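S.K.: Shown below is the structure under consideration.
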Amino acid sequence: MPDIIRRSAARAVIIDDISNKIAIIEVKNGDFHKIPGGGIEAGETAEMAAIRESLEEGGCEVVIINRLGEHEFFDPKDKNNYHHSIGFLAKKIKDHPAPAFTQEEISKHYKLLWLTFEEAIKRFTDTKSTVPFELAMNNRDLDFIKIAQEYLKK
């Protein structure tokens, strides 16, 4: 039996206090959506990775407000790939000119959007993708958004 490949990542629901909007990323011209996030690099904590990914994919500097929880799933096509994400609620403190998407992200037509919680939830709920892995990512990030929304209501 092959070894399980574990991918640890950090995700950030970034809120802009001024507009009360959150950062989401439209992927493949709206087939599905995600929140800024990515793999935890060697020597990084999950919080450090969330801050770095917020800058890279969210185009802004942030401070972490709260840990939202963890989400795990196996790649539906390859049960040896296990994905573990830690979600954070982050507050935007400074804009940067633009996200620094990788070539792979550019090829998937990543587009940063700032939407209200309601608009974002609708985008995630109305996903067009039928690809199981994309749906798993979409649903993971939708869960983090809903948890962040509830946290902010308190």
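Residue numbering restarts at 1 in every chain; chains get A, B, ... in the order shown in the structure tokens, and ligands count up from 1 in that same order.
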Looking only at strand (DSSP E or B) from DSSP on the backbone, list the matching residues of chain A as a PyMOL selection string.
M.R.: chain A and resi 5-16+21-27+32-34+37-39+60-75+78-95+111-115
S.K.: Give me the residues near range 143-154 of chain A as a PDB file with C-alpha atoms, in the first residue's frame, where near means some atom within 8 Å (using only C-alpha atoms) and where sequence neighbours in that chain fewer than 6 positions away do not count.
M.R.:
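For reference, out29.pdb as written:
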```pdb
ATOM      1  CA  VAL A  13     -10.774  34.710   5.534  1.00  0.00           C
ATOM      2  CA  LEU A  68     -11.327  29.299  12.726  1.00  0.00           C
ATOM      3  CA  GLY A  69     -10.595  25.589  12.925  1.00  0.00           C
ATOM      4  CA  GLY A  87      -8.332  28.396   8.752  1.00  0.00           C
ATOM      5  CA  PHE A  88      -7.815  31.854  10.192  1.00  0.00           C
ATOM      6  CA  LEU A  89      -9.804  35.054  10.327  1.00  0.00           C
ATOM      7  CA  PHE A 117     -20.180  37.701   3.218  1.00  0.00           C
ATOM      8  CA  ILE A 121     -21.432  32.644   0.191  1.00  0.00           C
TER       9      ILE A 121
END
```
S.K.: For the contact check between range 73-150 of chain A and range 20-30 of chain A, emit one row per residue of range 73-150 of chain A within 7 Å, containing the shortest atom pair and the distance in Å rounded to one decimal, counting only C-alpha atoms, chain then rising number order, as JSON lines.
M.R.:
```
{"residue": "A:Lys108", "atom": "CA", "partner": "A:Lys28", "partner_atom": "CA", "distance": 5.1}
{"residue": "A:His109", "atom": "CA", "partner": "A:Lys28", "partner_atom": "CA", "distance": 5.1}
{"residue": "A:Tyr110", "atom": "CA", "partner": "A:Val27", "partner_atom": "CA", "distance": 4.8}
{"residue": "A:Lys111", "atom": "CA", "partner": "A:Glu26", "partner_atom": "CA", "distance": 5.0}
{"residue": "A:Leu112", "atom": "CA", "partner": "A:Ile25", "partner_atom": "CA", "distance": 4.6}
{"residue": "A:Leu113", "atom": "CA", "partner": "A:Ile24", "partner_atom": "CA", "distance": 5.3}
{"residue": "A:Trp114", "atom": "CA", "partner": "A:Ala23", "partner_atom": "CA", "distance": 4.7}
{"residue": "A:Leu115", "atom": "CA", "partner": "A:Lys21", "partner_atom": "CA", "distance": 4.9}
{"residue": "A:Thr116", "atom": "CA", "partner": "A:Lys21", "partner_atom": "CA", "distance": 4.4}
{"residue": "A:Phe117", "atom": "CA", "partner": "A:Lys21", "partner_atom": "CA", "distance": 6.7}
```
S.K.: Output N, CA and C atoms for every residue in that selection, as a short mmCIF file (atom, residue, chain, number, x, y, z; two decimals), in the first residue's frame.
M.R.:
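Saved as out_2.cif:
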```cif
data_model
loop_
_atom_site.label_atom_id
_atom_site.label_comp_id
_atom_site.auth_asym_id
_atom_site.auth_seq_id
_atom_site.Cartn_x
_atom_site.Cartn_y
_atom_site.Cartn_z
N LYS A 108 -4.92 29.24 -14.38
CA LYS A 108 -6.28 28.85 -13.95
C LYS A 108 -7.19 30.07 -13.80
N HIS A 109 -6.71 31.21 -14.29
CA HIS A 109 -7.48 32.46 -14.32
C HIS A 109 -7.92 32.92 -12.93
N TYR A 110 -6.99 32.87 -11.97
CA TYR A 110 -7.30 33.38 -10.62
C TYR A 110 -7.63 34.86 -10.72
N LYS A 111 -8.66 35.25 -9.99
CA LYS A 111 -9.06 36.66 -9.95
C LYS A 111 -9.48 36.98 -8.52
N LEU A 112 -8.84 37.97 -7.93
CA LEU A 112 -9.16 38.39 -6.57
C LEU A 112 -10.41 39.27 -6.59
N LEU A 113 -11.36 38.95 -5.72
CA LEU A 113 -12.59 39.72 -5.58
C LEU A 113 -12.79 40.09 -4.11
N TRP A 114 -13.36 41.24 -3.85
CA TRP A 114 -13.75 41.64 -2.50
C TRP A 114 -15.27 41.72 -2.49
N LEU A 115 -15.89 40.85 -1.70
CA LEU A 115 -17.35 40.73 -1.66
C LEU A 115 -17.85 40.73 -0.22
N THR A 116 -19.13 41.05 -0.06
CA THR A 116 -19.74 40.91 1.26
C THR A 116 -19.81 39.42 1.59
N PHE A 117 -20.03 39.11 2.85
CA PHE A 117 -20.18 37.70 3.22
C PHE A 117 -21.30 37.05 2.41
#
```
S.K.: If you count only C-alpha atoms, which residues fall within 8 Å of Phe73 in chain A, apart from same-chain ones fewer than 5 positions away, as JSON, numbers by chain?
M.R.: {"A": [82, 83, 84, 136]}
S.K.: Any chance you could export the current selection's N, CA and C atoms as a compact mmCIF listing (two decimals), in the first residue's frame?
M.R.:
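Result file part06.txt:
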```txt
# COMPACT_ATOMS: atom_id res chain seq x y z
N TYR A 82 -3.82 13.40 1.18
CA TYR A 82 -4.61 13.88 2.32
C TYR A 82 -4.35 15.36 2.50
N HIS A 83 -5.40 16.16 2.53
CA HIS A 83 -5.29 17.61 2.63
C HIS A 83 -5.79 18.07 4.00
N HIS A 84 -4.94 18.79 4.71
CA HIS A 84 -5.26 19.30 6.04
C HIS A 84 -5.04 20.80 6.03
N ALA A 136 -14.39 19.90 -3.33
CA ALA A 136 -13.89 19.71 -1.96
C ALA A 136 -13.22 20.98 -1.47
```
S.K.: Need the shell around Thr127 in chain A: protein/DNA/RNA residues with any atom at most 10 Å away, counting only C-alpha atoms. Skip same-chain ones fewer than 5 positions apart. Format as JSON, numbers by chain?
M.R.: {"A": [30, 31, 32, 33, 122, 134, 135, 138, 139]}
S.K.: Neighbouring residues of Ser85 in chain A were defined as those with any atom within 8 Å, considering only C-alpha atoms; residues of the same chain fewer than 4 positions away were excluded. Please report them as a list in words.
M.R.: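 Once the nearby chain positions are removed, what remains is Ser8, Ala9, Ala10, Arg11, Glu70, His71 and Glu72 of chain A.
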S.K.: Write to file, as a PDB file, in the first residue's frame, the residues of the selection just made, with N, CA and C atoms.
M.R.:
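Final output, saved to part-v4.pdb:
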```pdb
ATOM      1  N   SER A   8      -0.199  19.972   4.284  1.00  0.00           N
ATOM      2  CA  SER A   8      -0.679  20.899   5.308  1.00  0.00           C
ATOM      3  C   SER A   8      -0.707  22.305   4.735  1.00  0.00           C
ATOM      4  N   ALA A   9      -1.797  22.999   4.991  1.00  0.00           N
ATOM      5  CA  ALA A   9      -1.970  24.334   4.424  1.00  0.00           C
ATOM      6  C   ALA A   9      -2.661  25.250   5.431  1.00  0.00           C
ATOM      7  N   ALA A  10      -2.575  26.536   5.148  1.00  0.00           N
ATOM      8  CA  ALA A  10      -3.258  27.554   5.947  1.00  0.00           C
ATOM      9  C   ALA A  10      -4.127  28.384   5.011  1.00  0.00           C
ATOM     10  N   ARG A  11      -5.292  28.770   5.486  1.00  0.00           N
ATOM     11  CA  ARG A  11      -6.261  29.559   4.716  1.00  0.00           C
ATOM     12  C   ARG A  11      -6.642  30.780   5.531  1.00  0.00           C
ATOM     13  N   GLU A  70     -10.055  23.605  11.717  1.00  0.00           N
ATOM     14  CA  GLU A  70      -9.314  22.767  10.774  1.00  0.00           C
ATOM     15  C   GLU A  70     -10.288  22.042   9.868  1.00  0.00           C
ATOM     16  N   HIS A  71      -9.808  21.713   8.694  1.00  0.00           N
ATOM     17  CA  HIS A  71     -10.619  20.987   7.715  1.00  0.00           C
ATOM     18  C   HIS A  71      -9.720  19.952   7.043  1.00  0.00           C
ATOM     19  N   GLU A  72     -10.238  18.752   6.885  1.00  0.00           N
ATOM     20  CA  GLU A  72      -9.455  17.668   6.294  1.00  0.00           C
ATOM     21  C   GLU A  72     -10.271  16.960   5.222  1.00  0.00           C
TER      22      GLU A  72
END
```
S.K.: Residues of range 7-127 of chain A classed as alpha helix (DSSP H) by DSSP on the backbone are to be reported as a CSV table (one decimal) with C-alpha atoms, in the first residue's frame.
M.R.:
```csv
chain,number,residue,atom,x,y,z
A,46,ALA,CA,0.3,27.8,10.1
A,47,GLU,CA,-0.3,31.4,11.2
A,48,MET,CA,2.9,32.6,9.4
A,49,ALA,CA,1.7,30.8,6.2
A,50,ALA,CA,-1.7,32.4,6.4
A,51,ILE,CA,-0.1,35.8,6.7
A,52,ARG,CA,2.2,35.1,3.7
A,53,GLU,CA,-0.6,33.7,1.6
A,54,SER,CA,-2.7,36.7,2.4
A,55,LEU,CA,0.0,38.9,0.9
A,56,GLU,CA,0.6,36.6,-2.1
A,57,GLU,CA,-3.0,35.8,-3.0
A,58,GLY,CA,-5.0,38.4,-1.2
A,103,GLN,CA,2.1,30.9,-13.2
A,104,GLU,CA,-0.1,27.9,-12.4
A,105,GLU,CA,-2.6,30.2,-10.7
A,106,ILE,CA,-2.5,32.6,-13.6
A,107,SER,CA,-3.2,29.7,-16.0
A,117,PHE,CA,-20.2,37.7,3.2
A,118,GLU,CA,-23.6,37.2,1.6
A,119,GLU,CA,-22.2,37.7,-2.0
A,120,ALA,CA,-19.2,35.4,-1.2
A,121,ILE,CA,-21.4,32.6,0.2
A,122,LYS,CA,-23.7,32.8,-2.9
A,123,ARG,CA,-20.6,32.5,-5.2
A,124,PHE,CA,-19.4,29.4,-3.3
A,125,THR,CA,-22.9,27.9,-3.1
```
S.K.: For CA of Arg140 in chain A and CA of Ile65 in chain A, determine how far apart the two atoms are, in Å to one decimal place.
M.R.: 19.5 Å
